[in-house]
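> Dropping in target16.txt, with compact mmCIF, N, CA and C atoms.
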```
# COMPACT_ATOMS: atom_id res chain seq x y z
N MET A 1 19.94 12.75 -2.17
CA MET A 1 18.98 12.07 -1.34
C MET A 1 18.60 10.73 -1.92
N ASN A 2 19.51 10.03 -2.45
CA ASN A 2 19.23 8.73 -3.02
C ASN A 2 19.52 7.67 -1.96
N ASP A 3 18.52 7.28 -1.22
CA ASP A 3 18.66 6.30 -0.16
C ASP A 3 18.23 4.95 -0.69
N SER A 4 19.16 4.02 -0.76
CA SER A 4 18.86 2.70 -1.33
C SER A 4 17.89 1.90 -0.48
N ASN A 5 17.70 2.26 0.79
CA ASN A 5 16.77 1.54 1.66
C ASN A 5 15.31 1.82 1.33
N ARG A 6 15.03 2.90 0.60
CA ARG A 6 13.65 3.27 0.31
C ARG A 6 12.98 2.33 -0.69
N LYS A 7 13.71 1.85 -1.67
CA LYS A 7 13.13 1.10 -2.77
C LYS A 7 12.36 -0.15 -2.32
N PRO A 8 12.89 -0.98 -1.44
CA PRO A 8 12.14 -2.19 -1.05
C PRO A 8 10.82 -1.90 -0.34
N HIS A 9 10.64 -0.70 0.19
CA HIS A 9 9.44 -0.37 0.93
C HIS A 9 8.29 0.07 0.02
N LYS A 10 8.57 0.37 -1.25
CA LYS A 10 7.54 0.83 -2.18
C LYS A 10 6.92 -0.36 -2.90
N VAL A 11 5.59 -0.29 -3.10
CA VAL A 11 4.86 -1.36 -3.77
C VAL A 11 3.90 -0.71 -4.77
N ILE A 12 3.81 -1.29 -5.96
CA ILE A 12 2.84 -0.83 -6.95
C ILE A 12 1.57 -1.65 -6.77
N VAL A 13 0.43 -0.99 -6.70
CA VAL A 13 -0.84 -1.65 -6.44
C VAL A 13 -1.24 -2.51 -7.64
N ASP A 14 -1.40 -3.82 -7.39
CA ASP A 14 -1.92 -4.72 -8.40
C ASP A 14 -3.35 -5.10 -7.99
N LEU A 15 -4.00 -5.94 -8.76
CA LEU A 15 -5.40 -6.27 -8.51
C LEU A 15 -5.61 -6.92 -7.14
N GLU A 16 -4.73 -7.83 -6.76
CA GLU A 16 -4.87 -8.51 -5.47
C GLU A 16 -4.75 -7.51 -4.31
N LEU A 17 -3.75 -6.63 -4.37
CA LEU A 17 -3.56 -5.63 -3.33
C LEU A 17 -4.70 -4.62 -3.33
N LEU A 18 -5.17 -4.26 -4.50
CA LEU A 18 -6.29 -3.33 -4.63
C LEU A 18 -7.53 -3.87 -3.91
N ASN A 19 -7.84 -5.12 -4.15
CA ASN A 19 -9.01 -5.74 -3.51
C ASN A 19 -8.86 -5.82 -1.99
N ARG A 20 -7.65 -6.05 -1.53
CA ARG A 20 -7.40 -6.17 -0.10
C ARG A 20 -7.45 -4.81 0.59
N LEU A 21 -6.87 -3.77 -0.03
CA LEU A 21 -6.75 -2.46 0.62
C LEU A 21 -8.00 -1.59 0.52
N ASN A 22 -8.78 -1.74 -0.54
CA ASN A 22 -9.89 -0.82 -0.75
C ASN A 22 -11.11 -1.06 0.14
N ALA A 23 -11.09 -2.12 0.92
CA ALA A 23 -12.19 -2.32 1.86
C ALA A 23 -12.23 -1.15 2.86
N GLU A 24 -11.06 -0.68 3.28
CA GLU A 24 -10.99 0.43 4.24
C GLU A 24 -10.49 1.72 3.61
N GLY A 25 -9.78 1.64 2.50
CA GLY A 25 -9.19 2.83 1.90
C GLY A 25 -7.88 3.19 2.59
N CYS A 26 -7.32 4.30 2.20
CA CYS A 26 -6.04 4.76 2.75
C CYS A 26 -6.26 5.34 4.14
N PRO A 27 -5.57 4.82 5.17
CA PRO A 27 -5.76 5.35 6.52
C PRO A 27 -5.25 6.78 6.69
N ALA A 28 -4.38 7.24 5.80
CA ALA A 28 -3.83 8.59 5.91
C ALA A 28 -4.75 9.65 5.33
N CYS A 29 -5.36 9.36 4.16
CA CYS A 29 -6.16 10.39 3.49
C CYS A 29 -7.62 9.98 3.25
N GLY A 30 -7.93 8.70 3.42
CA GLY A 30 -9.29 8.23 3.25
C GLY A 30 -9.69 7.90 1.82
N ARG A 31 -8.83 8.23 0.84
CA ARG A 31 -9.15 7.93 -0.56
C ARG A 31 -8.95 6.44 -0.84
N LYS A 32 -9.61 5.96 -1.88
CA LYS A 32 -9.43 4.58 -2.32
C LYS A 32 -8.15 4.50 -3.18
N PHE A 33 -7.61 3.31 -3.29
CA PHE A 33 -6.42 3.08 -4.10
C PHE A 33 -6.83 2.75 -5.52
N THR A 34 -5.92 2.96 -6.49
CA THR A 34 -6.17 2.60 -7.88
C THR A 34 -5.02 1.75 -8.40
N LEU A 35 -5.28 0.98 -9.44
CA LEU A 35 -4.24 0.14 -10.03
C LEU A 35 -3.07 0.99 -10.49
N GLY A 36 -1.86 0.52 -10.21
CA GLY A 36 -0.66 1.18 -10.67
C GLY A 36 -0.12 2.26 -9.75
N GLU A 37 -0.86 2.62 -8.71
CA GLU A 37 -0.37 3.61 -7.75
C GLU A 37 0.76 3.02 -6.92
N THR A 38 1.62 3.88 -6.42
CA THR A 38 2.69 3.45 -5.54
C THR A 38 2.25 3.68 -4.10
N VAL A 39 2.37 2.63 -3.30
CA VAL A 39 2.02 2.71 -1.88
C VAL A 39 3.23 2.30 -1.06
N VAL A 40 3.24 2.71 0.20
CA VAL A 40 4.33 2.37 1.11
C VAL A 40 3.75 1.94 2.44
N ALA A 41 4.49 1.13 3.17
CA ALA A 41 4.10 0.76 4.52
C ALA A 41 4.64 1.86 5.43
N ALA A 42 3.74 2.54 6.14
CA ALA A 42 4.15 3.67 6.97
C ALA A 42 3.52 3.59 8.36
N CYS A 43 4.24 4.13 9.33
CA CYS A 43 3.71 4.28 10.68
C CYS A 43 2.91 5.56 10.73
N GLY A 44 1.96 5.63 11.62
CA GLY A 44 1.15 6.83 11.75
C GLY A 44 0.44 6.87 13.08
N ALA A 45 -0.54 7.74 13.18
CA ALA A 45 -1.27 7.95 14.43
C ALA A 45 -2.37 6.93 14.64
N TRP A 46 -2.41 5.87 13.87
CA TRP A 46 -3.43 4.84 14.00
C TRP A 46 -2.93 3.72 14.92
N GLU A 47 -3.87 2.90 15.34
CA GLU A 47 -3.55 1.75 16.19
C GLU A 47 -2.80 0.70 15.39
N GLY A 48 -1.94 -0.03 16.03
CA GLY A 48 -1.21 -1.11 15.39
C GLY A 48 0.05 -0.63 14.70
N GLY A 49 0.61 -1.49 13.91
CA GLY A 49 1.87 -1.20 13.23
C GLY A 49 1.68 -0.45 11.92
N PRO A 50 2.69 -0.53 11.06
CA PRO A 50 2.63 0.17 9.78
C PRO A 50 1.48 -0.32 8.91
N LYS A 51 0.91 0.62 8.15
CA LYS A 51 -0.16 0.30 7.21
C LYS A 51 0.20 0.84 5.84
N MET A 52 -0.39 0.26 4.81
CA MET A 52 -0.14 0.71 3.44
C MET A 52 -0.91 2.01 3.19
N ILE A 53 -0.16 3.06 2.74
CA ILE A 53 -0.77 4.35 2.43
C ILE A 53 -0.20 4.84 1.10
N HIS A 54 -0.85 5.85 0.50
CA HIS A 54 -0.34 6.44 -0.74
C HIS A 54 1.06 7.01 -0.47
N GLU A 55 1.95 6.84 -1.43
CA GLU A 55 3.33 7.31 -1.26
C GLU A 55 3.39 8.82 -1.00
N ASN A 56 2.52 9.59 -1.65
CA ASN A 56 2.56 11.04 -1.46
C ASN A 56 2.06 11.47 -0.09
N GLU A 57 1.50 10.56 0.69
CA GLU A 57 1.04 10.86 2.04
C GLU A 57 2.08 10.48 3.09
N ALA A 58 3.28 10.07 2.64
CA ALA A 58 4.32 9.60 3.54
C ALA A 58 5.61 10.39 3.36
N VAL A 59 6.40 10.40 4.42
CA VAL A 59 7.71 11.04 4.43
C VAL A 59 8.73 9.99 4.83
N TRP A 60 9.87 9.96 4.11
CA TRP A 60 10.93 9.03 4.45
C TRP A 60 11.75 9.60 5.60
N ASP A 61 11.86 8.86 6.69
CA ASP A 61 12.65 9.27 7.84
C ASP A 61 13.97 8.52 7.81
N THR A 62 15.07 9.25 7.59
CA THR A 62 16.38 8.61 7.45
C THR A 62 16.87 8.02 8.77
N GLN A 63 16.45 8.60 9.90
CA GLN A 63 16.91 8.08 11.19
C GLN A 63 16.35 6.70 11.48
N SER A 64 15.08 6.49 11.16
CA SER A 64 14.48 5.18 11.42
C SER A 64 14.47 4.27 10.19
N SER A 65 14.89 4.83 9.03
CA SER A 65 14.87 4.10 7.76
C SER A 65 13.49 3.52 7.48
N SER A 66 12.48 4.37 7.66
CA SER A 66 11.11 3.94 7.41
C SER A 66 10.27 5.14 6.98
N PHE A 67 9.09 4.84 6.43
CA PHE A 67 8.15 5.89 6.07
C PHE A 67 7.27 6.21 7.27
N ILE A 68 6.92 7.49 7.39
CA ILE A 68 6.03 7.96 8.44
C ILE A 68 4.94 8.79 7.77
N GLU A 69 3.71 8.63 8.22
CA GLU A 69 2.59 9.40 7.66
C GLU A 69 2.90 10.89 7.79
N ARG A 70 2.63 11.65 6.72
CA ARG A 70 3.05 13.05 6.61
C ARG A 70 2.58 13.92 7.78
N ARG A 71 1.33 13.83 8.17
CA ARG A 71 0.82 14.67 9.27
C ARG A 71 1.46 14.30 10.60
N CYS A 72 1.69 13.03 10.81
CA CYS A 72 2.35 12.57 12.04
C CYS A 72 3.79 13.08 12.09
N TYR A 73 4.47 13.03 10.96
CA TYR A 73 5.85 13.50 10.87
C TYR A 73 5.91 15.02 11.10
N ALA A 74 4.98 15.75 10.51
CA ALA A 74 4.95 17.20 10.65
C ALA A 74 4.68 17.62 12.10
N ALA A 75 3.92 16.81 12.80
CA ALA A 75 3.61 17.12 14.20
C ALA A 75 4.79 16.80 15.12
N GLY A 76 5.83 16.18 14.54
CA GLY A 76 7.03 15.89 15.32
C GLY A 76 6.92 14.68 16.21
N ARG A 77 5.90 13.88 15.97
CA ARG A 77 5.70 12.71 16.82
C ARG A 77 6.56 11.54 16.38
N GLY A 78 6.95 11.51 15.11
CA GLY A 78 7.71 10.37 14.62
C GLY A 78 6.83 9.13 14.58
N PRO A 79 7.43 7.95 14.48
CA PRO A 79 6.64 6.73 14.40
C PRO A 79 5.90 6.44 15.70
N VAL A 80 4.70 5.98 15.59
CA VAL A 80 3.89 5.59 16.74
C VAL A 80 3.90 4.08 16.83
N ALA A 81 4.29 3.55 17.97
CA ALA A 81 4.40 2.10 18.11
C ALA A 81 3.08 1.47 18.46
```
Kindly return the structure encoded in the file as structure tokens.


Amino acid sequence: MNDSNRKPHKVIVDLELLNRLNAEGCPACGRKFTLGETVVAACGAWEGGPKMIHENEAVWDTQSSSFIERRCYAAGRGPVA
């Protein structure tokens, strides 16, 4: 399961990203982000396009070559446009 397309989608939280993201927190789980965590841009059941969420709250979808929020993926909805 080594998909080379996954790597560019992962980002490690630095101070600038931390300050930008923690105003609202993670849209998938509601927790705040911390320095050094890995986040991914994922589609989910929220309005708008992909948002940055904790990596452990996302599932890699090989068909769309993108991350999908775990609960949305489990519900079988796939990416929400």

> Please measure the separation of atom C of Lys32 of chain A and atom C of Tyr73 of chain A, giving the value in Å to one decimal.

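Result for atom C of Lys32 of chain A versus atom C of Tyr73 of chain A: 22.6 Å, one decimal.
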
> Find the spatial neighbours of Met52 of chain A, counting only N, CA and C atoms, within a cut-off of 6 Å - ignore same-chain residues fewer than 3 positions away - and output them as a list in words.

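Listed by chain and then number, they are Cys26, Pro27, Val39, Val40, Ala41 and Ala42 of chain A.
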
> Considering only N, CA and C atoms, return as a PyMOL selection string whatever protein or nucleic-acid residues lie within 7 Å of Ile68 of chain A, sequence-local ones (same chain, fewer than 3 positions apart) excluded.

chain A and resi 41-44+57-61+71-73+78-79

> Please provide the set of residues having any atom within 8 Å of Glu37 of chain A, restricted to only N, CA and C atoms, with same-chain residues fewer than 6 positions apart removed, written as a VMD selection string.

chain A and resid 11 to 14 54 to 55

> Per DSSP on the backbone, filter chain A down to the residues in helix (DSSP H, G or I) and report them as JSON, numbers by chain.

{"A": [7, 8, 9, 15, 16, 17, 18, 19, 20, 21, 55, 56, 57, 70, 71, 72, 73, 74]}

> Between A:His9, A:Asn56, A:Phe33, A:Ala75, which one has atoms that come closest to Leu21 of chain A, using only N, CA and C atoms?

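Smallest separation from Leu21 of chain A among the options: A:Phe33.
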